[in-house]
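S.K.: If you scroll down you'll find the structure; I have some questions about it.
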Amino acid sequence: MESIDDVSCKRKELEGCRPGNDGRDVALGNLAGALYDRFQTEGNVDDVDEAIALHRAALELRPSRHPERCLSLYGLALCFLSKYDNRGVVADLEEAVTFGRVGLGLCPPDHRDRGLFLNNIAFGLCKRFTEQTAMCDLDEAFELHRAALELHPSGHPDRSSSLHGLALCFSSRYDNQGVVADLEEAITLGRAALDLRPPGHPSRGVSLSSLALFLGKRFGEQAAMCDLNEAFELQRAALELHPSGHPQRSLSLYGLALCFSGRYENRGVVADLEEAITLGRAALDLRPPGHPSRGVSLSNLALYLWERFREQAAMCDLNEAFELQRAALELHPSGHPQRSFSLHGLALCFSSRYDNQGVVADLEEAVTRGRAALELRPPGHPDRGVSLNDLAVDLGKRFREQAVMSDLDEAIELHRAALELRPSGHPQRSSSLLGLAFCFSSRYVNQGVVADLEEAITLGRAALELCPPGHPSRGTSLGNLACDLSQRFRKQATMSDLDEAFELYRAALELRRSRHPRRFSPLLGLSICFLSRYDSQGVVADLEEAVMLGHAAVELCPPRNSRRAQCLYHLSCAVWTTFQRQALMSRSGGARFVHRVTLALRPINTVHAAFSFHALSLHLWDKFQKQSAIAYLDEAICLATYALELRLPKRHSASASVEKLARFISERAQRVVSGANPNDSVMLGRAVVSLCDLGHYLKDRFRNHHAIVDLNKAISLHRYVLQLRPAGHASHPSNLHYLALCLIERFHDTTAVGDLDEAISLEQTALELSTPGDPSYDVSKDCLATCFQMKISPQVSRVSSIRSVATEYEVSQVIRRVIFETLETMPVRLLHTQTGTLCDRDAQISHFVNGLQYKQLLSSALSYDPVERVCRIHTVVSTYFRFVMFSHRWGEGEPSLRDIQGRAIYDMPPNGGVKKLQKFCLTAFKRGYLWAWSDTCCIDKTSSAELQEAIGSMFGWYRRSHLTIVYLADVPESGSFDSSQWFGRGWTLQELLAPATVLFYTRNWSLYKNTECSNHKTDDVVLDALARATGIASQFLTDFTPGMDDARSRLQWASSRRTTRPEDIAYSLFGIFNLHLPILYGESAEFALGRLLAEVVSQSGDISILDWVGEASTFHSCFPARITSYRTLPLPIPPPDAAEQSSIASQQSVSSNALRKLCRSLNKLPLPRFLNRRLTLPCFSHCVTAVSQKSIDPLSPTYTYEIQASGLRSFEITLPEGLEHAASLPCGLENAAGALQLVRPWHSKSLGGSAKLDAAATEQLLVTLRRPFSALLLAELPHNEYKRIASSTLIAAQPIDLASIIQCKVRMFNIV
């Protein structure tokens, strides 16, 4: 309240000090200072914008040598620096530095304010260094802060500012060069600054946050928990000083999130990670697009989500991390100091997705992004070690995938380089030791050198010592060391190694309890250990344990995980060993059994594993047929499924596996029908689920690899599942839907209509079998609608695959994203018709999120398939946020944004424009709309940026509105359109054309003509009246497309309209022509119209806009000075009569060669273009041969001339001034013959765009060229340039005959 009262007080002081009064400059400065102070506490950027305007006004009143001029310059520098902090526009930062330097030049060494300027410039340079990393900026900032510190000795009130600035400089240099001494200096100076900013100091919060960030960085270097604990305390204290709405609150939230993230990395407590994500989101919400720190917040939140994905394997976290990192990368272009951060984060995401889904392209992308990040982190960069380590990890993974030794060699080099940067005591040293151990272990597997295995074990032990209980990497360290010990046991048969491996794997398993995404890894390791001990000691219990744990590992390892094949391979070894043992013990009828097992050699890779699974499944099938034991059949199905998974999509034998698996499951189904065992249906259900999941997996793999064989096999599997789950089965509708989705995928790939038709049939059947209200019913209904849409609109995007269950948080994030996507295309501020309050984006979202509709949507969308979920959310959100636009003629007392802000319009006195606004909102509310927009109060017209954005977006807003209400205040209830001024206003043209649905209301707010109609554009009576009132054909009124087609007609529609500001007549047409040009209020109407016409010509080459009469523009001689010049209709072109057609046909045969030559030359002509205020125009040229002036009427302001030109019949023109003056003819009309050209502009559209040289084309050319045409009169200027001579009437020229047409020259004219 104090800042508000101060602003009000200073505003009153300024109002009392009129322009020209002494002291006005002081009043301007005082109000600017009060507004700046309020901005510092409330963060409303409008305050700082107004402060800048006031400081500029004060600066004009303080000319050079004025003693207070430097104060205005300082105020401007301070405001621009704060504006940069809020919006991140580098131009504001440059302005701050510039104004600071100018002000410093006015402050000699003994000036009292010199220290302020030194600090201010230094702050700006330090921020510019953060943006551009130019060391000269940082070096200069150091010098300036040190110079300011000398001027601010102990006890000086501004000493803390200099200390704080120096601390920031040292911290920035540490970030750039990684020298720990700089970080120590930053902490020392930061503490000194904080000591000088006791409780109550306005900058104490900033010092607390900054010192906490410095300590957090030192914790990252030295892992001293005391630093992290102190950082926590400081950030929490800063957060208390930065309440909601404070501009620095995001800094405290961001810093606190870093603290929680650091503690998670040190202790592995997931609750800390959750807290980091929550705080990171809160900080990001306070850093909207344009905020200079938004990119860093995006990247950090993405890293937290990536960490949670590693903990919980929720793909929604990884997907969101991808989105955030990509958004951050867009904000960090080439040269940006934070670009390496975003590239490294993206590399982590790609690497994790490879681990989860096994797509090699993701791994390649991770390596590429990792290399790019490393290049941006040269020696000395504090994050170089992280990049070296992570790139080495990805190269190690690629080696495991492709066995290219150069990858492994490079990985070892990178890990060693990282290890050098992470000496003893470094918190990340364990990571480098782990990576290096992994590389040596991989090289041992590839080359068999025992020394590599010994090195791996040594490094693994060292890493484990650095990962005590609670460390997030302890589980990985335990597992990796156990793996290496297990390998050494297989090499050297030392039981102590195997025993230790057992202990380590069991310890790792305890750390990865149920639902841990990497629990399968220690299970697999234990399975291998038990199998190794069985091979060594022959204890059958070990073999059984190996098989059981192997199955458990496979079940927990996701189908697309990069280690899935490894799990299956080791399981195949255990299963093979089991069968081998059974074969050796077999006595009767064992010959075939032994033969089967002999064929299935012990697997040595995944190819052999697939063969082994397949052969052993056949053996189990044989045993089942002999003994009818369902257990054998279930095991056969399981092994056949594994075999099929390993064989797809690379081996042709996959088809055989599909056939065998189908045969096994078919037999299982028959057993269920015969009722052999109560548990049979359960076992069959599991088998069919496996088959169905395999179909989903194949379809997903098709999406990644685009191998149609995958999709075909998926379709085959889903067809087979339908046979096993016939009509009547509870899952039959869902299986119909799954098959339909696969067919839709294939339709997208092959465009085979039969697939789409079958998908439609399947979904129709699914609907018949489902009950309205069930989730499956809604899914099939939406999918069926999509199929029909694809049938009529083939460009519909790809439909997603299987339904997946989502968490409430995931759905809320989807809803949030859809809300933002929806609101991005809507006005920033809207009136809430139910309450009458003006709402910004946050308030609009709050109304929805806090309502019952949101809760219902959140609940119902939880079980939807991702695509169906998004479609349903889009439907609900777009319906909720439907909005109504208002179109009217402005009158007296229109309420502005400031008039209604914070008030309910229904509570305001119904005077003037307020009453009209109330009626508009009430009408919209009665028609079922919650949101409404009016140009009077929904735009902040004091903000030039917002005004420009609104004008540029307005056509789109009217276009996307669900209803536009037009209020005709001057039309009585029984009146007609003819009497309304609304049809004569410039802005109302787009308000009429853009919306699809319009309702007209008369003076007493009754519908026009009292027609109960939902859209007057569909009412023939109203539509005819509109066409008469506007002169616009009804097809354009009902189906208008913005663009540059028929540009001349669009200009004619606006030619009789007026705007209050002359330049607005051009601006009001930007949307109609679908152009995005800057709004430059203050420019002349001629220049505004000239810019519009120039852009139309530049983009379309349309020459119809050259058909006008009247005064030429000073912008360009080919454009009119006023839009009223387009009122005159263009020259009518009558259709050719029979005599003309006969004459053309007879002449065409005589000159067909010449016509074809002319046609070819016309096709080669470039399009008209406008560049640098010069119009390059292709034309038929007719040289003026004679000019004579007609009789002069002294009472007429015009001049009439008879003109003769080569190839044309003589004609008359009327000019607003004498031709001698207009064409700058020094010798009068006698010199006109050589200086004037009459031209016919040409465009390829003149022949309908045809480029063919057939008889029809030449005939069309003749018809076109023989007709009268609108000509331009050009006067030659020096340097082969021309200018147009404006005429008072259209110049109608007529060719003499065919010969004159053929002989006419076609050339390019440069017109200025």
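By order of appearance in the structure tokens: chains A, B, ..., then residues from 1 within every chain, and ligands from 1 in the order shown.
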For Ala282 in chain A, list every protein, DNA or RNA residue within 9 Å, evaluated using only C-alpha atoms, and leave out those in the same chain fewer than 3 positions away; present the list as a short mmCIF file (atom, residue, chain, number, x, y, z; two decimals) with N, CA and C atoms, in the first residue's frame.

M.R.:
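So out_0.cif came out as:
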```
data_model
loop_
_atom_site.label_atom_id
_atom_site.label_comp_id
_atom_site.auth_asym_id
_atom_site.auth_seq_id
_atom_site.Cartn_x
_atom_site.Cartn_y
_atom_site.Cartn_z
N SER A 250 11.11 -15.94 -8.08
CA SER A 250 11.54 -17.07 -8.92
C SER A 250 12.99 -17.43 -8.65
N LEU A 253 13.01 -19.60 -5.48
CA LEU A 253 12.46 -20.92 -5.77
C LEU A 253 13.45 -21.76 -6.58
N TYR A 254 14.05 -21.12 -7.56
CA TYR A 254 15.04 -21.80 -8.41
C TYR A 254 16.22 -22.28 -7.57
N ILE A 277 11.42 -30.90 -8.06
CA ILE A 277 10.51 -30.77 -9.21
C ILE A 277 9.41 -29.77 -8.92
N THR A 278 8.84 -29.87 -7.74
CA THR A 278 7.75 -28.93 -7.37
C THR A 278 8.25 -27.48 -7.39
N LEU A 279 9.39 -27.24 -6.78
CA LEU A 279 9.94 -25.88 -6.74
C LEU A 279 10.38 -25.43 -8.13
N ASP A 285 6.99 -21.23 -13.69
CA ASP A 285 5.74 -20.49 -13.86
C ASP A 285 5.95 -18.99 -13.70
N LEU A 286 6.94 -18.62 -12.89
CA LEU A 286 7.21 -17.19 -12.67
C LEU A 286 8.20 -16.64 -13.67
N ARG A 287 8.64 -17.47 -14.60
CA ARG A 287 9.57 -17.02 -15.64
C ARG A 287 8.94 -17.28 -17.00
#
```

S.K.: Need to verify the contact set: range 1270-1279 of chain A, 6 Å, only C-alpha atoms, exclusion of same-chain residues closer than 5 positions in sequence. Can you return it as a count of residues only?

M.R.: 11

S.K.: Please provide the set of residues having any atom within 12 Å of Ser1100 in chain A, restricted to only C-alpha atoms, with same-chain residues fewer than 5 positions apart removed, written as a ChimeraX atom specification.

M.R.: /A:1043-1047,1073-1075,1093-1095,1105,1167-1170,1243-1245

S.K.: Taking 3 positions as the minimum chain separation for residues in the same chain, which residues sit within 12 Å of Leu54 in chain A when counting only C-alpha atoms? Answer as a ChimeraX atom specification.

M.R.: /A:10-11,14,24-36,47-51,57-61,72-73,75-76,79

S.K.: Applying 9 Å and only C-alpha atoms, which residues near Trp1005 in chain A remain after dropping the ones on its own chain fewer than 3 positions away? List them as a PyMOL selection string.

M.R.: chain A and resi 919-920+923+967-969+973+1000-1002+1008

S.K.: With distances taken over only C-alpha atoms, which residue among A:Val179, A:Val1312, A:Ala313, A:Leu104 lies nearest Asp383 in chain A?

M.R.: A:Val179
